[in-house]
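Q: Right, I'll just put the structure down here and ask away after.
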Amino acid sequence: MIFIFGGAYQGMEEYAREVCGAEEIRAVDEGSREIDFSTGAVCGLERFALGCVRRGESPAAWFEAHAQEWKDCVLIGQDFSCGLVPMDEQLRLWREENGRMNNLLAGRAERVVRMFCGIAQVLK
């Protein structure tokens, strides 16, 4: 699995297409309860995490339970752990759970890429 993360609009999907060969990138959102990994690339993991938090579920636990499904995919998610901590309790929990999910994915990935200003930083 390749895990690509960074801030919004940093070139993550372009990197997935140009470097990782992702032809179709499936987008998930907070309304998604399941993820179809059949295209081989999925983006919007942070929105999926928000939906999990709103339902009282752990996105990291969900990914742990479905590990065989995404082991050969390109996974793309936003990192918003830097900056101000939200005042809203649920948004604070979202930030924490998104970080836990990203830690799991980065730990399991064969390659981890951080995108910043369109520049890929291969971390692993």
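Letters A, B, ... mark the chains of the structure tokens in the order given; residue numbers begin at 1 per chain; ligand numbers begin at 1, in order shown.
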Going by DSSP on the backbone, which bits of stretch 5-66 of chain A are strand (DSSP E or B)? Write them as number ranges by chain, please.

A: A: 5-6, 26-27, 41-43

Q: Pick from A:Asn103, A:Gln90, A:Ser38, A:Ser58: nearest to A:Val74, with only C-alpha atoms counted?

A: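 Among the listed residues, A:Ser38 lies closest to A:Val74.
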
Q: Of the residues A:Ala65, A:Met115, A:Leu91, A:Leu45, which is the one nearest to A:Ala27, using only C-alpha atoms?

A: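 Of A:Ala65, A:Met115, A:Leu91, A:Leu45, the one nearest A:Ala27 is A:Leu45, counting only C-alpha atoms.
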
Q: Hey, which of A:Arg17, A:Glu64, A:Ala49, A:Asn102 ends up closest to A:Arg114? Count only C-alpha atoms.

A: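 Among A:Arg17, A:Glu64, A:Ala49, A:Asn102, it is A:Asn102 that comes nearest to A:Arg114.
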
Q: As a ChimeraX atom specification, please: every residue in chain A that a backbone DSSP assignment puts in alpha helix (DSSP H).

A: /A:12-18,45-54,59-65,67-70,89-108

Q: Distance atom CA of A:Cys117-atom CA of A:Gln10, one decimal place?

A: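 Those two atoms sit 5.2 Å apart.
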
Q: Using only C-alpha atoms, determine which residues lie at most 12 Å from stretch 85-89 of chain A, disregarding the query and same-chain residues fewer than 6 positions distant; provide the list as a list in words.

A: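 Skipping anything fewer than 6 positions along the chain leaves Val53, Arg54, Arg95 and Glu96 of chain A.
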
Q: Could you tell me how far atom CA of A:Ile25 lies from atom CA of A:Val122, in Å and to one decimal?

A: 20.3 Å

Q: Give me the residues within 10 Å of A:Glu24 as a list in words, counting only C-alpha atoms and dropping any in the same chain fewer than 5 places off.

A: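 The contact residues come out as Glu13, Ala16, Arg17, Ser38, Thr39, Gly40, Ala41 and Val42 of chain A.
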
Q: Got a sec: who's within 10 Å of A:Ile35, counting only C-alpha atoms, leaving out chain neighbours fewer than 4 positions off, as a count of residues only?

A: 11

Q: I'd like the contact shell of A:Asn98 - 9 Å cut-off, only C-alpha atoms, skipping same-chain residues fewer than 3 positions apart - returned as a list in words.

A: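 Neighbouring residues, sequence-local ones excluded: Leu45, Glu46, Ala49, Leu50, Pro59, Ala60, Gly77, Gln78, Asp79, Phe80, Ser81, Leu93, Trp94, Arg95, Met101, Asn102 and Asn103 of chain A.
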